[in-house]
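Below is one structure, written out as structure tokens; the observations come after it.
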Amino acid sequence: MKTLPQAILERSRLVPEGGMLAAKEFLHLGSRAAVDQALSRLARAGLLIRAARGLYVAPTSGQGQVKVPAMDKVVSSLASKTQELIVGDGAFAAHMLGLAPRAQNEQMFLTSGPNRTLRLGDAKVEIRHAPRWMLSLGHTKAGAVIRALAWGGEKRVKGMMIRLRKRLAPGDWQALSSARYLLPSWMAEVIGHEVARQACSSAEF
């Protein structure tokens with residue numbers, strides 16, 4: 001019969017890179033105290049990595065080296081595990097849309113769930129709860145525009161919107177304009193003005 005640490009370790013070898021293991025998954029094998037103790041021992045032995053309270057990942061191995069898994073895969077696994085929406089923050093969205101240079105500090109994520117901090121070796125990622133409107137349209141390009149505009153703020157929104165409108169495909173622009181009722185008034189107003197301007201331009205032809 002397998003011991004509790006052996007059962008946990010065997011399970012860790014079945015998940016893909018970055019796959020999350022939660023303490024609650026193993027409560028059928030022992031009490032919460034016993035599971036927590038087993039996970040802690042495996043982490044101290046270097047066989048698991050504690051990413052956050054009650055959440056662990058397995059290290060990856062290759063070419064004779066043991067490494068921490070890629071952080072983006074860990075974040076994606078966390079989203080799947082918790083059924084939360086987790087997306088890059090406004091600074092990251094602005095960079096991806098060509099509006100800002102890449103931030104030198106650690107990337108932050110926004111989530112529909114609670115605040116968390118993930119630590120993998122020397123890497124640390126902050127995951128912060130965001131209001132519902134900021135997560136509108138999720139991982140789409142239009143969703144990234146919303147977060148970029150929020151990052152830019154009310155004073156910069158007009159200039160950013162003019163630049164972004166030229167870069168959005170018709171489908172992305174339609175999604176953004178249709179979702180403006182969910183957004184703060186200052187953002188919805190600028191998007192609405194751009195919708196009207198485009199309508200006037202089309203009517204002139």
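Simple scheme: letters A, B, ... for chains in structure tokens order, numbers from 1 for residues in each chain, numbers from 1 for ligands in the order shown.
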Mind dumping a table of every range 51-117 of chain A residue within 8 Å of range 148-161 of chain A, with the nearest atom pair and its distance in Å to one decimal, using only C-alpha atoms, sorted by chain and rising number, as a Markdown table?
```
| residue | atom | partner | partner_atom | distance |
| --- | --- | --- | --- | --- |
| A:Asp89 | CA | A:Ala148 | CA | 8.0 |
| A:Gly90 | CA | A:Ala148 | CA | 4.5 |
| A:Ala91 | CA | A:Trp151 | CA | 6.2 |
| A:Phe92 | CA | A:Ala148 | CA | 7.8 |
| A:Ala93 | CA | A:Ala148 | CA | 5.3 |
| A:Ala94 | CA | A:Ala148 | CA | 4.7 |
| A:Leu99 | CA | A:Met160 | CA | 7.6 |
```
Would you save the residues from that selection as a PDB file, in the first residue's frame, using N, CA, C and O atoms?
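Result file follows (part27.pdb):
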```
ATOM      1  N   ASP A  89      -2.260  42.180 -16.624  1.00  0.00           N
ATOM      2  CA  ASP A  89      -2.775  43.474 -16.187  1.00  0.00           C
ATOM      3  C   ASP A  89      -2.697  44.511 -17.307  1.00  0.00           C
ATOM      4  O   ASP A  89      -2.293  44.218 -18.432  1.00  0.00           O
ATOM      5  N   GLY A  90      -3.093  45.751 -16.982  1.00  0.00           N
ATOM      6  CA  GLY A  90      -3.153  46.789 -17.992  1.00  0.00           C
ATOM      7  C   GLY A  90      -1.816  47.145 -18.599  1.00  0.00           C
ATOM      8  O   GLY A  90      -1.724  47.422 -19.805  1.00  0.00           O
ATOM      9  N   ALA A  91      -0.754  47.141 -17.798  1.00  0.00           N
ATOM     10  CA  ALA A  91       0.578  47.451 -18.322  1.00  0.00           C
ATOM     11  C   ALA A  91       1.013  46.407 -19.343  1.00  0.00           C
ATOM     12  O   ALA A  91       1.585  46.730 -20.394  1.00  0.00           O
ATOM     13  N   PHE A  92       0.719  45.147 -19.046  1.00  0.00           N
ATOM     14  CA  PHE A  92       1.058  44.073 -19.977  1.00  0.00           C
ATOM     15  C   PHE A  92       0.221  44.192 -21.253  1.00  0.00           C
ATOM     16  O   PHE A  92       0.737  44.019 -22.365  1.00  0.00           O
ATOM     17  N   ALA A  93      -1.066  44.510 -21.099  1.00  0.00           N
ATOM     18  CA  ALA A  93      -1.940  44.676 -22.267  1.00  0.00           C
ATOM     19  C   ALA A  93      -1.451  45.828 -23.141  1.00  0.00           C
ATOM     20  O   ALA A  93      -1.423  45.716 -24.368  1.00  0.00           O
ATOM     21  N   ALA A  94      -1.055  46.938 -22.506  1.00  0.00           N
ATOM     22  CA  ALA A  94      -0.558  48.092 -23.268  1.00  0.00           C
ATOM     23  C   ALA A  94       0.704  47.729 -24.038  1.00  0.00           C
ATOM     24  O   ALA A  94       0.895  48.155 -25.192  1.00  0.00           O
ATOM     25  N   LEU A  99       1.546  49.977 -27.158  1.00  0.00           N
ATOM     26  CA  LEU A  99       1.328  51.311 -26.606  1.00  0.00           C
ATOM     27  C   LEU A  99       2.353  51.686 -25.539  1.00  0.00           C
ATOM     28  O   LEU A  99       2.419  52.845 -25.134  1.00  0.00           O
TER      29      LEU A  99
END
```
| request: Run DSSP on the backbone and give me the residues of range 11-193 of chain A it puts in helix (DSSP H, G or I), as number ranges by chain. | output: A: 11-12, 23-26, 32-44, 71-82, 90-96, 132-135, 141-152, 157-165, 170-178, 180-182, 185-193
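Closest to Ser77 in chain A among A:Trp186, A:Glu10, A:Leu21, A:Asp122 is A:Leu21, based on only C-alpha atoms.
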| Residues near Tyr181 in chain A, cut-off 10 Å, only C-alpha atoms, skip fewer than 5 positions along chain, as a ChimeraX atom specification | /A:133,176,187-189,192
Those residues you just picked out, can you put them in a file as a compact mmCIF listing (two decimals), in the first residue's frame with all heavy atoms?
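Listing of result_24.txt after writing:
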```
# COMPACT_ATOMS: atom_id res chain seq x y z
N TRP A 133 -15.81 44.82 -14.71
CA TRP A 133 -15.70 45.49 -16.02
C TRP A 133 -14.30 45.38 -16.58
O TRP A 133 -14.13 45.32 -17.81
CB TRP A 133 -16.12 46.95 -15.90
CG TRP A 133 -15.22 47.84 -15.09
CD1 TRP A 133 -15.35 48.16 -13.76
CD2 TRP A 133 -14.03 48.51 -15.53
NE1 TRP A 133 -14.33 48.98 -13.35
CE2 TRP A 133 -13.51 49.21 -14.42
CE3 TRP A 133 -13.36 48.59 -16.76
CZ2 TRP A 133 -12.35 49.98 -14.50
CZ3 TRP A 133 -12.21 49.37 -16.84
CH2 TRP A 133 -11.71 50.04 -15.73
N LEU A 176 -15.62 45.37 -28.77
CA LEU A 176 -15.34 46.45 -27.84
C LEU A 176 -16.49 47.45 -27.77
O LEU A 176 -16.94 47.83 -26.68
CB LEU A 176 -14.05 47.17 -28.24
CG LEU A 176 -13.62 48.35 -27.37
CD1 LEU A 176 -13.30 47.88 -25.95
CD2 LEU A 176 -12.41 49.06 -27.98
N MET A 187 -14.66 55.92 -20.22
CA MET A 187 -14.18 55.03 -21.26
C MET A 187 -15.26 54.78 -22.31
O MET A 187 -15.00 54.80 -23.52
CB MET A 187 -13.71 53.70 -20.65
CG MET A 187 -12.90 52.83 -21.60
SD MET A 187 -12.40 51.23 -20.85
CE MET A 187 -11.31 51.78 -19.54
N ALA A 188 -16.48 54.56 -21.84
CA ALA A 188 -17.59 54.32 -22.77
C ALA A 188 -17.82 55.53 -23.67
O ALA A 188 -18.14 55.38 -24.86
CB ALA A 188 -18.85 54.00 -21.98
N GLU A 189 -17.65 56.72 -23.11
CA GLU A 189 -17.87 57.94 -23.89
C GLU A 189 -16.89 58.06 -25.05
O GLU A 189 -17.27 58.38 -26.18
CB GLU A 189 -17.74 59.16 -22.98
CG GLU A 189 -17.98 60.48 -23.69
CD GLU A 189 -17.82 61.67 -22.76
OE1 GLU A 189 -17.63 61.46 -21.55
OE2 GLU A 189 -17.89 62.81 -23.27
N GLY A 192 -17.73 55.52 -27.65
CA GLY A 192 -18.92 55.96 -28.35
C GLY A 192 -18.63 57.05 -29.37
O GLY A 192 -19.17 57.03 -30.49
```
| said: Taking 2 positions as the minimum chain separation for residues in the same chain, which residues sit within 12 Å of Arg13 in chain A when counting only C-alpha atoms? Answer as a ChimeraX atom specification. | reply: /A:6-11,15-21,47-48,57-61
With N, CA, C and O atoms retained, write the just-selected residues as a short mmCIF file (atom, residue, chain, number, x, y, z; two decimals), in the first residue's frame.
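Written output follows (out-v4.cif):
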```cif
data_model
loop_
_atom_site.label_atom_id
_atom_site.label_comp_id
_atom_site.auth_asym_id
_atom_site.auth_seq_id
_atom_site.Cartn_x
_atom_site.Cartn_y
_atom_site.Cartn_z
N GLN A 6 3.86 9.11 -1.16
CA GLN A 6 4.04 8.38 -2.42
C GLN A 6 2.86 8.61 -3.37
O GLN A 6 3.04 8.79 -4.57
N ALA A 7 1.65 8.59 -2.82
CA ALA A 7 0.46 8.81 -3.64
C ALA A 7 0.45 10.23 -4.22
O ALA A 7 0.11 10.44 -5.39
N ILE A 8 0.85 11.20 -3.41
CA ILE A 8 0.89 12.59 -3.88
C ILE A 8 1.96 12.73 -4.97
O ILE A 8 1.73 13.37 -6.00
N LEU A 9 3.11 12.15 -4.74
CA LEU A 9 4.20 12.25 -5.71
C LEU A 9 3.83 11.58 -7.03
O LEU A 9 4.14 12.08 -8.11
N GLU A 10 3.15 10.45 -6.94
CA GLU A 10 2.72 9.75 -8.15
C GLU A 10 1.74 10.61 -8.94
O GLU A 10 1.82 10.69 -10.17
N ARG A 11 0.85 11.27 -8.24
CA ARG A 11 -0.11 12.16 -8.89
C ARG A 11 0.61 13.34 -9.55
O ARG A 11 0.27 13.75 -10.66
N VAL A 15 0.57 15.18 -13.97
CA VAL A 15 0.07 16.48 -14.43
C VAL A 15 1.07 17.10 -15.40
O VAL A 15 2.27 16.83 -15.32
N PRO A 16 0.61 17.93 -16.34
CA PRO A 16 1.52 18.59 -17.28
C PRO A 16 2.37 19.64 -16.57
O PRO A 16 2.12 19.98 -15.41
N GLU A 17 3.35 20.19 -17.27
CA GLU A 17 4.20 21.22 -16.70
C GLU A 17 3.35 22.38 -16.17
O GLU A 17 2.49 22.90 -16.86
N GLY A 18 3.63 22.77 -14.93
CA GLY A 18 2.89 23.87 -14.33
C GLY A 18 1.57 23.47 -13.69
O GLY A 18 0.90 24.30 -13.08
N GLY A 19 1.21 22.19 -13.82
CA GLY A 19 -0.07 21.73 -13.27
C GLY A 19 -0.11 21.87 -11.76
O GLY A 19 0.84 21.53 -11.06
N MET A 20 -1.21 22.38 -11.27
CA MET A 20 -1.37 22.64 -9.84
C MET A 20 -1.86 21.40 -9.09
O MET A 20 -2.70 20.65 -9.58
N LEU A 21 -1.33 21.24 -7.91
CA LEU A 21 -1.81 20.22 -6.98
C LEU A 21 -2.34 20.96 -5.76
O LEU A 21 -1.62 21.75 -5.14
N LEU A 47 10.93 17.83 -4.04
CA LEU A 47 10.13 17.03 -4.97
C LEU A 47 8.87 17.75 -5.42
O LEU A 47 8.25 17.39 -6.42
N LEU A 48 8.47 18.77 -4.67
CA LEU A 48 7.37 19.65 -5.04
C LEU A 48 7.81 21.08 -4.73
O LEU A 48 8.74 21.30 -3.95
N VAL A 57 3.26 22.75 -7.13
CA VAL A 57 3.55 22.30 -8.50
C VAL A 57 4.78 21.41 -8.45
O VAL A 57 5.59 21.48 -7.51
N ALA A 58 4.91 20.59 -9.47
CA ALA A 58 6.08 19.72 -9.55
C ALA A 58 7.18 20.42 -10.34
O ALA A 58 6.89 21.09 -11.33
N PRO A 59 8.44 20.27 -9.92
CA PRO A 59 9.53 20.83 -10.73
C PRO A 59 9.65 20.06 -12.03
O PRO A 59 9.18 18.93 -12.15
N THR A 60 10.26 20.66 -13.03
CA THR A 60 10.49 19.99 -14.30
C THR A 60 11.94 19.53 -14.35
O THR A 60 12.80 20.07 -13.65
N SER A 61 12.21 18.55 -15.15
CA SER A 61 13.57 18.05 -15.27
C SER A 61 13.92 17.86 -16.74
O SER A 61 13.06 17.57 -17.57
#
```
| request: List every residue of range 11-155 of chain A that DSSP, applied to the backbone of this structure, places in strand (DSSP E), and write the result as number ranges by chain. | output: A: 20-22, 49-52, 55-57, 60-62, 65-67, 86-88, 108-111, 116-120, 123-129
